[in-house]
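Next comes input.cif, a file with mmCIF, C-alpha atoms.
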```
data_start
loop_
_atom_site.label_atom_id
_atom_site.label_comp_id
_atom_site.auth_asym_id
_atom_site.auth_seq_id
_atom_site.Cartn_x
_atom_site.Cartn_y
_atom_site.Cartn_z
CA MET A 1 0.00 0.00 0.00
CA THR A 2 1.00 3.60 -0.58
CA ASP A 3 -0.07 6.76 1.26
CA ARG A 4 -2.18 7.84 -1.70
CA PRO A 5 -3.04 6.71 -5.23
CA SER A 6 -0.07 7.35 -7.45
CA ALA A 7 0.01 10.18 -9.96
CA ALA A 8 -0.10 7.52 -12.68
CA ALA A 9 -3.27 5.99 -11.20
CA MET A 10 -4.99 9.37 -10.99
CA ALA A 11 -3.93 10.25 -14.52
CA ALA A 12 -5.32 6.93 -15.77
CA TRP A 13 -8.60 7.62 -13.97
CA GLY A 14 -8.82 11.07 -15.51
CA ARG A 15 -8.32 9.57 -18.97
CA LEU A 16 -10.98 6.93 -18.37
CA VAL A 17 -13.51 9.57 -17.32
CA ALA A 18 -12.68 11.83 -20.26
CA GLU A 19 -12.82 9.00 -22.82
CA THR A 20 -15.98 7.25 -21.63
CA PRO A 21 -19.25 8.36 -23.26
CA GLY A 22 -21.37 9.86 -20.51
CA GLY A 23 -18.31 10.69 -18.42
CA ASP A 24 -18.81 13.86 -16.38
CA VAL A 25 -16.37 16.32 -14.83
CA ALA A 26 -17.91 15.45 -11.44
CA GLN A 27 -15.82 12.25 -11.61
CA LEU A 28 -12.55 13.98 -12.50
CA PRO A 29 -9.81 14.51 -9.88
CA GLY A 30 -10.06 18.23 -10.63
CA TRP A 31 -13.67 18.18 -9.43
CA ALA A 32 -12.52 16.59 -6.17
CA ARG A 33 -10.06 19.45 -5.71
CA LEU A 34 -12.87 21.89 -6.42
CA ARG A 35 -15.18 20.23 -3.88
CA GLY A 36 -12.26 20.19 -1.44
CA THR A 37 -12.61 23.99 -1.25
CA VAL A 38 -16.01 23.52 0.43
CA GLY A 39 -14.98 20.80 2.83
CA PHE A 40 -15.22 17.54 0.88
CA ALA A 41 -12.73 14.69 0.84
CA ALA A 42 -12.45 12.28 -2.07
CA ARG A 43 -12.27 8.50 -1.96
CA TYR A 44 -11.65 6.32 -4.97
CA VAL A 45 -12.66 2.82 -5.91
CA PHE A 46 -10.49 1.58 -8.79
CA VAL A 47 -10.96 -1.74 -10.59
CA TYR A 48 -8.01 -3.18 -12.48
CA ALA A 49 -7.93 -6.11 -14.90
CA ARG A 50 -4.61 -7.88 -15.17
CA GLY A 51 -3.33 -11.24 -16.29
CA GLU A 52 -0.69 -11.80 -13.61
CA GLU A 53 -0.55 -11.16 -9.90
CA HIS A 54 1.10 -7.77 -9.64
CA GLY A 55 0.24 -4.79 -7.51
CA PRO A 56 -2.93 -2.99 -8.68
CA GLU A 57 -1.00 -0.19 -10.31
CA ALA A 58 1.84 -2.26 -11.77
CA ASP A 59 0.81 -3.90 -15.01
CA GLY A 60 -2.98 -3.81 -14.76
CA GLU A 61 -5.34 -1.78 -16.88
CA LEU A 62 -7.78 0.50 -15.08
CA VAL A 63 -11.20 -0.65 -16.30
CA GLY A 64 -13.63 0.96 -13.87
CA GLY A 65 -13.97 3.13 -10.84
CA ALA A 66 -15.79 5.76 -8.87
CA GLN A 67 -14.95 9.04 -7.19
CA VAL A 68 -16.86 9.30 -3.91
CA LEU A 69 -17.12 12.75 -2.34
CA GLU A 70 -17.81 12.90 1.39
CA ARG A 71 -18.03 15.29 4.31
CA ARG A 72 -19.48 15.40 7.81
CA LEU A 73 -22.73 17.26 8.44
CA PRO A 74 -24.13 18.09 11.89
CA GLY A 75 -26.84 15.65 12.88
CA LEU A 76 -26.27 13.41 9.86
CA GLY A 77 -22.72 12.20 10.30
CA ARG A 78 -20.51 11.50 7.31
CA VAL A 79 -22.42 11.82 4.03
CA GLY A 80 -21.06 10.65 0.68
CA TYR A 81 -22.25 10.96 -2.87
CA VAL A 82 -21.21 9.65 -6.27
CA PRO A 83 -22.26 12.08 -9.02
CA TYR A 84 -22.51 10.33 -12.41
CA GLY A 85 -20.48 7.35 -11.33
CA PRO A 86 -19.23 4.70 -11.20
CA LEU A 87 -17.83 4.33 -14.69
CA VAL A 88 -16.74 1.28 -16.67
CA SER A 89 -14.23 1.54 -19.50
CA GLU A 90 -15.68 1.64 -22.98
CA ARG A 91 -12.99 -0.88 -23.97
CA LEU A 92 -15.05 -3.59 -22.26
CA SER A 93 -18.12 -2.98 -24.44
CA GLY A 94 -17.31 -6.13 -26.44
CA GLN A 95 -16.60 -8.22 -23.33
CA PRO A 96 -19.92 -8.52 -21.48
CA ALA A 97 -18.70 -11.11 -18.96
CA VAL A 98 -15.71 -8.99 -17.91
CA ARG A 99 -17.86 -5.85 -17.83
CA ALA A 100 -20.36 -7.60 -15.56
CA ALA A 101 -17.52 -8.69 -13.26
CA VAL A 102 -16.27 -5.10 -13.02
CA VAL A 103 -19.78 -3.87 -12.21
CA ARG A 104 -20.05 -6.47 -9.42
CA GLU A 105 -16.76 -5.29 -7.93
CA LEU A 106 -17.92 -1.68 -8.00
CA VAL A 107 -21.27 -2.55 -6.45
CA ASP A 108 -19.63 -4.56 -3.67
CA ALA A 109 -17.06 -1.86 -2.91
CA LEU A 110 -19.64 0.96 -2.78
CA SER A 111 -21.96 -1.15 -0.65
CA ASP A 112 -19.19 -1.89 1.85
CA MET A 113 -18.15 1.75 1.91
CA GLY A 114 -21.73 2.88 2.56
CA ARG A 115 -22.11 0.50 5.50
CA GLU A 116 -18.69 0.69 7.10
CA ARG A 117 -17.67 4.32 6.71
CA LEU A 118 -20.61 6.56 5.80
CA GLY A 119 -23.91 7.37 7.46
CA MET A 120 -25.46 8.07 4.07
CA LEU A 121 -24.35 7.30 0.53
CA PHE A 122 -26.13 8.63 -2.56
CA VAL A 123 -25.31 7.38 -6.06
CA GLN A 124 -26.44 8.90 -9.36
CA PRO A 125 -25.29 6.37 -11.99
CA PRO A 126 -24.14 7.68 -15.37
CA PRO A 127 -25.65 6.67 -18.71
CA GLY A 128 -24.64 3.27 -19.94
CA VAL A 129 -24.08 1.67 -16.51
CA ASP A 130 -27.69 0.88 -15.62
CA ALA A 131 -26.67 -2.43 -14.03
CA VAL A 132 -25.00 -0.55 -11.19
CA GLY A 133 -28.29 0.77 -9.86
CA GLY A 134 -29.88 -2.66 -9.98
CA GLY A 135 -26.87 -4.19 -8.27
CA LEU A 136 -26.93 -1.62 -5.48
CA LEU A 137 -30.67 -2.11 -4.97
CA GLY A 138 -29.90 -5.78 -4.50
CA ARG A 139 -27.38 -4.86 -1.79
CA GLY A 140 -29.81 -2.89 0.37
CA PHE A 141 -29.86 0.49 -1.39
CA ARG A 142 -33.22 2.03 -2.24
CA VAL A 143 -34.55 4.37 -4.90
CA SER A 144 -33.59 7.97 -4.14
CA ASP A 145 -35.30 11.23 -4.97
CA ALA A 146 -32.83 13.32 -2.96
CA GLY A 147 -31.58 15.01 -6.14
CA ILE A 148 -27.86 14.84 -5.36
CA ALA A 149 -27.30 15.44 -9.09
CA PRO A 150 -29.83 16.26 -11.82
CA GLY A 151 -31.50 13.04 -12.96
CA GLN A 152 -33.03 14.59 -16.07
CA SER A 153 -32.00 17.27 -18.52
CA LEU A 154 -32.41 18.68 -22.01
CA ARG A 155 -29.67 18.04 -24.58
CA LEU A 156 -28.97 19.38 -28.04
CA ASP A 157 -27.39 17.13 -30.66
CA LEU A 158 -24.63 19.33 -32.08
CA ARG A 159 -24.16 17.16 -35.16
CA GLN A 160 -26.89 19.33 -36.66
CA ASP A 161 -25.84 22.35 -38.68
CA THR A 162 -26.47 25.87 -37.43
CA ALA A 163 -29.59 26.28 -39.55
CA ALA A 164 -31.16 23.17 -38.01
CA LEU A 165 -30.23 24.31 -34.50
CA ARG A 166 -31.79 27.72 -35.16
CA ALA A 167 -34.93 26.07 -36.53
CA GLY A 168 -35.30 24.23 -33.21
CA LEU A 169 -35.42 27.45 -31.21
CA SER A 170 -38.65 28.96 -30.01
CA LYS A 171 -40.07 31.58 -32.36
CA ARG A 172 -38.99 34.41 -30.05
CA LEU A 173 -35.41 33.14 -29.81
CA ARG A 174 -35.11 32.64 -33.57
CA THR A 175 -36.00 36.30 -34.01
CA TRP A 176 -33.46 37.45 -31.43
CA THR A 177 -30.54 35.58 -32.99
CA ASN A 178 -30.67 38.14 -35.83
CA ARG A 179 -31.24 41.19 -33.61
CA TRP A 180 -28.93 40.95 -30.61
CA GLU A 181 -25.95 42.64 -32.24
CA SER A 182 -27.96 45.60 -33.49
CA ARG A 183 -29.44 46.07 -30.01
CA GLY A 184 -26.04 46.36 -28.34
CA VAL A 185 -25.81 42.79 -27.07
CA ARG A 186 -22.38 41.17 -27.25
CA VAL A 187 -21.04 37.92 -25.81
CA ARG A 188 -17.38 37.34 -25.02
CA THR A 189 -15.22 34.83 -23.17
CA ALA A 190 -14.68 35.78 -19.54
CA THR A 191 -11.20 36.30 -18.13
CA VAL A 192 -9.90 35.75 -14.61
CA ASP A 193 -10.48 39.44 -13.92
CA ASP A 194 -14.17 38.93 -14.70
CA LEU A 195 -14.72 36.29 -12.02
CA PRO A 196 -16.02 38.67 -9.31
CA THR A 197 -18.57 39.92 -11.84
CA VAL A 198 -19.53 36.39 -12.84
CA ALA A 199 -19.91 35.42 -9.18
CA ARG A 200 -22.08 38.48 -8.52
CA LEU A 201 -24.39 37.67 -11.44
CA VAL A 202 -24.66 34.01 -10.43
CA ALA A 203 -25.40 35.04 -6.83
CA GLN A 204 -28.13 37.44 -7.93
CA SER A 205 -29.92 34.73 -9.86
CA GLY A 206 -29.38 32.23 -7.06
CA GLU A 207 -30.97 34.56 -4.56
CA HIS A 208 -33.89 35.21 -6.91
CA GLN A 209 -34.47 31.47 -7.42
CA GLY A 210 -33.83 30.48 -3.80
CA PHE A 211 -30.50 28.71 -4.37
CA ALA A 212 -27.42 29.07 -2.19
CA ALA A 213 -24.63 30.91 -4.01
CA VAL A 214 -20.97 30.07 -4.35
CA GLY A 215 -18.14 32.58 -4.21
CA ASP A 216 -15.70 33.75 -6.83
CA GLY A 217 -12.96 31.61 -5.23
CA TYR A 218 -14.99 28.51 -5.97
CA LEU A 219 -15.62 29.60 -9.55
CA ARG A 220 -11.95 30.44 -9.98
CA THR A 221 -10.99 26.92 -8.88
CA LEU A 222 -13.58 25.44 -11.25
CA LEU A 223 -12.17 27.27 -14.23
CA THR A 224 -8.54 26.51 -13.40
CA GLU A 225 -8.84 22.88 -12.26
CA LEU A 226 -11.18 21.54 -14.94
CA PRO A 227 -9.80 21.29 -18.47
CA GLY A 228 -12.23 22.68 -20.99
CA ALA A 229 -14.19 24.77 -18.48
CA VAL A 230 -15.16 28.17 -19.85
CA ALA A 231 -17.21 31.19 -18.84
CA PHE A 232 -19.00 33.61 -21.15
CA ILE A 233 -20.26 37.09 -20.34
CA GLY A 234 -23.15 38.81 -22.03
CA GLU A 235 -22.83 42.59 -22.30
CA LEU A 236 -25.44 45.21 -23.00
CA ASP A 237 -23.94 48.41 -24.38
CA GLY A 238 -20.59 47.35 -22.91
CA ALA A 239 -21.84 46.55 -19.40
CA PRO A 240 -21.71 42.91 -18.15
CA VAL A 241 -25.28 41.84 -17.38
CA ALA A 242 -25.36 38.05 -17.82
CA ALA A 243 -22.91 35.17 -17.47
CA ALA A 244 -22.72 31.40 -17.65
CA ILE A 245 -20.09 28.77 -16.87
CA PHE A 246 -19.76 25.51 -18.80
CA THR A 247 -17.69 22.36 -18.42
CA ARG A 248 -16.57 19.94 -21.09
CA CYS A 249 -15.98 16.22 -20.63
CA ALA A 250 -16.07 13.25 -23.00
CA ASP A 251 -18.65 14.11 -25.66
CA THR A 252 -20.63 16.75 -23.76
CA VAL A 253 -20.55 20.44 -22.85
CA LYS A 254 -22.72 21.11 -19.81
CA LEU A 255 -24.10 24.28 -18.27
CA ARG A 256 -22.98 24.57 -14.62
CA PHE A 257 -23.83 28.08 -13.46
CA ALA A 258 -25.71 31.01 -14.94
CA GLY A 259 -26.75 34.44 -13.72
CA MET A 260 -28.07 37.81 -14.80
CA ASP A 261 -28.85 41.30 -13.59
CA ARG A 262 -32.45 41.64 -12.47
CA ASP A 263 -33.02 44.49 -14.88
CA ASP A 264 -35.98 44.95 -17.21
CA ALA A 265 -33.79 45.77 -20.22
CA VAL A 266 -31.70 42.61 -19.72
CA ALA A 267 -34.82 40.45 -19.62
CA LYS A 268 -36.49 42.26 -22.51
CA LEU A 269 -33.49 41.78 -24.80
CA ASN A 270 -33.03 38.19 -23.55
CA VAL A 271 -29.31 38.63 -22.96
CA PRO A 272 -29.00 35.32 -21.02
CA ALA A 273 -30.28 33.51 -24.12
CA ALA A 274 -27.61 35.24 -26.20
CA VAL A 275 -24.99 33.78 -23.86
CA GLN A 276 -26.44 30.28 -24.26
CA TRP A 277 -26.67 30.59 -28.04
CA HIS A 278 -23.06 31.75 -28.20
CA ALA A 279 -22.00 28.78 -26.04
CA ILE A 280 -23.89 26.37 -28.31
CA GLY A 281 -21.99 27.70 -31.32
CA TRP A 282 -18.70 27.48 -29.41
CA ALA A 283 -19.37 23.85 -28.41
CA ARG A 284 -20.36 22.86 -31.95
CA ALA A 285 -17.21 24.45 -33.37
CA ALA A 286 -15.17 22.48 -30.83
CA GLY A 287 -16.55 19.22 -32.23
CA VAL A 288 -18.57 18.22 -29.18
CA ARG A 289 -21.64 16.06 -29.79
CA TRP A 290 -23.95 17.10 -26.95
CA PHE A 291 -24.88 20.40 -25.33
CA ASP A 292 -26.48 19.71 -21.95
CA PHE A 293 -28.52 22.43 -20.23
CA GLY A 294 -27.52 21.21 -16.79
CA GLY A 295 -30.76 19.66 -15.62
CA ILE A 296 -34.45 20.43 -15.43
CA SER A 297 -36.99 19.74 -12.69
CA PRO A 298 -38.65 16.30 -12.44
CA GLU A 299 -42.01 18.00 -12.98
CA ALA A 300 -40.84 19.55 -16.24
CA ALA A 301 -39.42 16.22 -17.41
CA ASP A 302 -42.70 14.47 -16.67
CA LEU A 303 -44.67 17.11 -18.58
CA LEU A 304 -42.44 16.80 -21.63
CA ALA A 305 -42.44 13.00 -21.48
CA ASP A 306 -46.24 13.08 -21.51
CA GLY A 307 -46.25 15.21 -24.66
CA GLY A 308 -46.89 18.54 -22.91
CA ARG A 309 -46.15 21.82 -24.63
CA ARG A 310 -42.86 23.50 -23.83
CA ASP A 311 -44.56 26.85 -23.37
CA GLY A 312 -46.43 25.21 -20.49
CA LEU A 313 -43.21 25.11 -18.47
CA ARG A 314 -42.21 27.79 -15.99
CA GLY A 315 -39.10 29.74 -15.07
CA VAL A 316 -35.70 28.25 -15.80
CA ASP A 317 -37.22 25.08 -17.27
CA ARG A 318 -39.10 27.10 -19.86
CA PHE A 319 -35.97 29.13 -20.66
CA LYS A 320 -33.95 25.96 -21.32
CA ALA A 321 -36.74 24.32 -23.32
CA GLY A 322 -36.79 27.31 -25.66
CA PHE A 323 -33.59 26.02 -27.29
CA GLY A 324 -35.26 22.83 -28.51
CA GLY A 325 -33.22 20.19 -26.75
CA GLU A 326 -34.46 16.64 -26.37
CA LEU A 327 -35.46 15.19 -23.00
CA TYR A 328 -32.82 12.95 -21.47
CA ARG A 329 -33.11 10.90 -18.27
CA TYR A 330 -30.23 9.39 -16.34
CA PRO A 331 -30.53 5.97 -14.68
CA GLN A 332 -32.43 5.94 -11.39
CA ALA A 333 -30.50 7.37 -8.42
CA VAL A 334 -30.16 5.17 -5.33
CA GLU A 335 -29.27 5.73 -1.68
CA LEU A 336 -28.12 3.82 1.36
CA ILE A 337 -28.83 5.17 4.84
CA ALA A 338 -27.13 2.57 6.98
CA GLY A 339 -28.23 3.48 10.50
CA ARG A 340 -31.78 2.50 11.41
CA MET A 341 -32.38 5.59 13.55
CA THR A 342 -30.82 7.91 10.97
CA ARG A 343 -32.97 6.41 8.24
CA PHE A 344 -36.10 6.70 10.43
CA GLY A 345 -35.34 10.34 11.24
CA TYR A 346 -34.56 11.18 7.61
CA ASP A 347 -37.78 9.60 6.35
CA LEU A 348 -39.84 11.19 9.12
CA SER A 349 -38.44 14.67 8.51
CA ARG A 350 -39.55 14.58 4.88
CA ARG A 351 -43.20 14.46 5.93
CA TRP A 352 -43.25 17.96 7.46
CA PRO A 353 -42.31 21.39 6.08
CA ALA A 354 -39.76 22.05 8.83
CA GLY A 355 -38.06 18.73 8.18
CA ARG A 356 -38.00 19.26 4.44
CA ARG A 357 -36.50 22.69 5.03
CA ALA A 358 -33.76 21.13 7.17
CA ILE A 359 -32.99 18.67 4.39
CA GLU A 360 -32.80 21.51 1.86
CA LEU A 361 -30.37 23.35 4.15
CA ALA A 362 -28.24 20.22 4.38
CA LYS A 363 -28.23 19.93 0.58
CA ALA A 364 -27.23 23.59 0.33
CA ALA A 365 -24.38 22.90 2.74
CA LEU A 366 -23.25 19.99 0.58
CA ARG A 367 -23.30 22.25 -2.46
CA THR A 368 -21.68 25.40 -1.08
CA GLY A 369 -19.93 24.47 2.16
CA ARG A 370 -22.10 26.89 4.14
CA LEU A 371 -23.52 25.52 7.37
CA GLY A 372 -26.48 27.72 8.21
CA ARG A 373 -25.28 31.30 8.48
CA SER A 374 -21.67 30.38 9.13
CA ALA A 375 -18.95 31.43 6.75
CA PRO A 376 -18.20 29.10 3.88
CA VAL A 377 -15.10 26.98 3.73
CA THR A 378 -12.71 29.01 1.59
CA SER A 379 -10.42 28.03 -1.22
CA ASP A 380 -7.54 28.18 1.29
CA THR A 381 -8.78 24.97 2.90
CA PRO A 382 -6.04 22.36 2.44
CA GLU A 383 -6.89 19.40 0.26
CA PRO A 384 -7.58 16.37 2.51
CA SER A 385 -4.95 13.68 2.46
CA VAL A 386 -6.01 10.27 1.20
CA THR A 387 -5.31 6.79 2.49
CA PRO A 388 -5.85 3.83 0.19
CA ILE A 389 -8.15 0.93 1.02
CA ARG A 390 -7.95 -2.14 -1.14
CA PHE A 391 -11.03 -4.20 -1.88
CA ILE A 392 -10.42 -7.69 -3.18
CA GLY A 393 -13.62 -9.54 -3.97
CA ALA A 394 -15.29 -6.78 -1.91
CA VAL A 395 -13.43 -8.05 1.20
CA ARG A 396 -11.07 -5.50 2.69
CA SER A 397 -7.60 -6.94 2.68
CA GLY A 398 -3.96 -5.99 2.63
CA SER A 399 -2.87 -8.88 0.46
CA GLY A 400 -2.00 -8.54 -3.19
CA ARG A 401 -4.06 -11.44 -4.44
CA GLY A 402 -6.43 -10.77 -7.31
CA VAL A 403 -9.74 -12.35 -8.16
CA GLU A 404 -9.94 -14.31 -11.39
CA THR A 405 -12.08 -12.73 -14.08
CA PRO A 406 -14.02 -14.72 -16.68
CA ASN A 407 -11.25 -14.22 -19.23
CA GLY A 408 -8.54 -15.51 -16.92
CA GLY A 409 -7.31 -12.11 -15.73
CA SER A 410 -7.71 -10.67 -12.25
CA ARG A 411 -8.87 -7.44 -10.73
CA ASP A 412 -8.48 -5.35 -7.59
CA THR A 413 -10.36 -2.31 -6.41
CA GLN A 414 -8.63 0.36 -4.43
CA GLY A 415 -10.33 3.10 -2.47
CA ALA A 416 -8.70 6.27 -1.24
CA GLY A 417 -10.12 8.66 1.30
CA ARG A 418 -9.20 10.82 4.21
#
```
Written form, structure tokens:
Amino acid sequence: MTDRPSAAAMAAWGRLVAETPGGDVAQLPGWARLRGTVGFAARYVFVYARGEEHGPEADGELVGGAQVLERRLPGLGRVGYVPYGPLVSERLSGQPAVRAAVVRELVDALSDMGRERLGMLFVQPPPGVDAVGGGLLGRGFRVSDAGIAPGQSLRLDLRQDTAALRAGLSKRLRTWTNRWESRGVRVRTATVDDLPTVARLVAQSGEHQGFAAVGDGYLRTLLTELPGAVAFIGELDGAPVAAAIFTRCADTVKLRFAGMDRDDAVAKLNVPAAVQWHAIGWARAAGVRWFDFGGISPEAADLLADGGRRDGLRGVDRFKAGFGGELYRYPQAVELIAGRMTRFGYDLSRRWPAGRRAIELAKAALRTGRLGRSAPVTSDTPEPSVTPIRFIGAVRSGSGRGVETPNGGSRDTQGAGR
């Protein structure tokens, strides 16, 4: 064992996330460093396939894994979540038996972690790994509607040409694409000096919509730690009035944060839509396949799935639907609340407004690092150290023995946490 996963192991994990369709930045090591600024520690479960009995990072190929983010919350204990993970290498798509073995290892490791280390563990599986959810349900997890990561969204297929993308816009947006420039609306790439402005605009919209805001230090870390992350600013007559931040991973560009001045002229000229339209063009020019609007509400998804009209949506959902994306649902999220009393209290609290409010405050703390009215954890918070845990056949062990896979190889899983 080593004190932490090697740089080579972390680099291999980053490549697997970036190369796997459906891979999301929330599984990248850079995202763990970002979440470290608001008090989270990262643990890793790595699955290796190898033909001979070497150490897990010696000659084996990394074929699956998960980045688990965790922190302690008052009254709840240590809470962990896996956003859009675990992932299995696309190289196993033609080897169903080996892929199934990797999924079993991941399920066993996450199940053990949820029972032995965490009070609560929430998992939002990514696309293409549906078997993980079923496996976890078979190990005592249950269906979750906690919303630890958006389970539904709208996506644009950027293989279409610009004319087709414009044709998919709402009538009002199609008109504005030809008028913004003449009305003094301009969109540009944000610089580091713009981050306080971006943070202010995001905070204004967050306050208006009832969401907890993050600071410019958090946004600065996001843009510096995540390759492909970009921010755009919408200006009206030279003044910054709207902004949005996007991440890029695998085959998708995804909206992460957006904000605008609460000004009548900004809304009338639809400057936030100009920012999104500019980002769509930028993503298409970069050769990305999907543009993801960063999630919509379950209610909006249900309406669209039932054939409802997009103009029947409200607020942010209606804004996003105006760009013509197609409805996309992720596999069902699952959760494990190991302690009987904790599970009873959690379930009971959801039945009353005060309890639901407490849960929302806890979710806000998970998102921003703010505990009630206390100051947030700042970007000066040191990154937590990690200590590896090896899972072999889902039994914690210090030995180097592997478990035979159906093709005669072997595999280990290694976890790393505080």
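Here CA of Ala42 (chain A) and CA of Phe293 (chain A) stand 26.3 Å from one another.
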* Considering all atoms listed in the file, return as a ChimeraX atom specification whatever protein or nucleic-acid residues lie within 9 Å of Asn270 (chain A), sequence-local ones (same chain, fewer than 5 positions apart) excluded. => /A:173,176,180,265
* What is the CA of Leu195 (chain A)-CA of Gly238 (chain A) distance in Å, reported with one decimal? -> 16.6 Å
* Apply the PyMOL selection byres ((chain A and resi 151-158) around 6) to the structure shown and report the selected residues as a ChimeraX atom specification. => /A:150,159-160,284,289-293,295-296,325-330
* Would you mind telling me which residue in A:Ala146, A:Val107, A:Val275, A:Leu223 lies nearest to Gly133 (chain A) when using all atoms listed in the file? =>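 Checking each of A:Ala146, A:Val107, A:Val275, A:Leu223 against Gly133 (chain A), counting all atoms listed in the file, the winner is A:Val107.
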With all heavy atoms as the target, complete region 299-305 of chain A and hand it back as a tab-separated table (two decimals), keeping the file's coordinate frame.
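Listing of rebuild-v4.tsv after writing:
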```
chain	number	residue	atom	x	y	z
A	299	GLU	N	-40.67	17.66	-12.50
A	299	GLU	CA	-42.01	18.00	-12.98
A	299	GLU	C	-41.99	18.39	-14.45
A	299	GLU	O	-42.87	17.99	-15.23
A	299	GLU	CB	-42.59	19.13	-12.14
A	299	GLU	CG	-42.82	18.79	-10.67
A	299	GLU	CD	-41.55	18.80	-9.84
A	299	GLU	OE1	-40.51	19.32	-10.32
A	299	GLU	OE2	-41.58	18.28	-8.71
A	300	ALA	N	-40.96	19.16	-14.83
A	300	ALA	CA	-40.84	19.55	-16.24
A	300	ALA	C	-40.57	18.33	-17.12
A	300	ALA	O	-41.12	18.21	-18.22
A	300	ALA	CB	-39.72	20.58	-16.40
A	301	ALA	N	-39.72	17.43	-16.63
A	301	ALA	CA	-39.42	16.22	-17.41
A	301	ALA	C	-40.68	15.38	-17.60
A	301	ALA	O	-40.91	14.85	-18.69
A	301	ALA	CB	-38.33	15.42	-16.70
A	302	ASP	N	-41.47	15.26	-16.56
A	302	ASP	CA	-42.70	14.47	-16.67
A	302	ASP	C	-43.67	15.10	-17.67
A	302	ASP	O	-44.30	14.40	-18.47
A	302	ASP	CB	-43.38	14.36	-15.30
A	302	ASP	CG	-42.59	13.46	-14.34
A	302	ASP	OD1	-41.73	12.69	-14.81
A	302	ASP	OD2	-42.84	13.56	-13.13
A	303	LEU	N	-43.77	16.43	-17.64
A	303	LEU	CA	-44.67	17.11	-18.58
A	303	LEU	C	-44.23	16.86	-20.02
A	303	LEU	O	-45.05	16.55	-20.89
A	303	LEU	CB	-44.72	18.60	-18.27
A	303	LEU	CG	-45.71	19.44	-19.07
A	303	LEU	CD1	-46.25	20.60	-18.23
A	303	LEU	CD2	-45.08	20.00	-20.35
A	304	LEU	N	-42.94	17.00	-20.27
A	304	LEU	CA	-42.44	16.80	-21.63
A	304	LEU	C	-42.57	15.35	-22.06
A	304	LEU	O	-42.90	15.06	-23.22
A	304	LEU	CB	-40.98	17.25	-21.71
A	304	LEU	CG	-40.72	18.75	-21.51
A	304	LEU	CD1	-39.22	19.03	-21.48
A	304	LEU	CD2	-41.40	19.57	-22.60
A	305	ALA	N	-42.32	14.42	-21.14
A	305	ALA	CA	-42.44	13.00	-21.48
A	305	ALA	C	-43.87	12.63	-21.83
A	305	ALA	O	-44.11	11.73	-22.63
A	305	ALA	CB	-41.95	12.15	-20.31
```
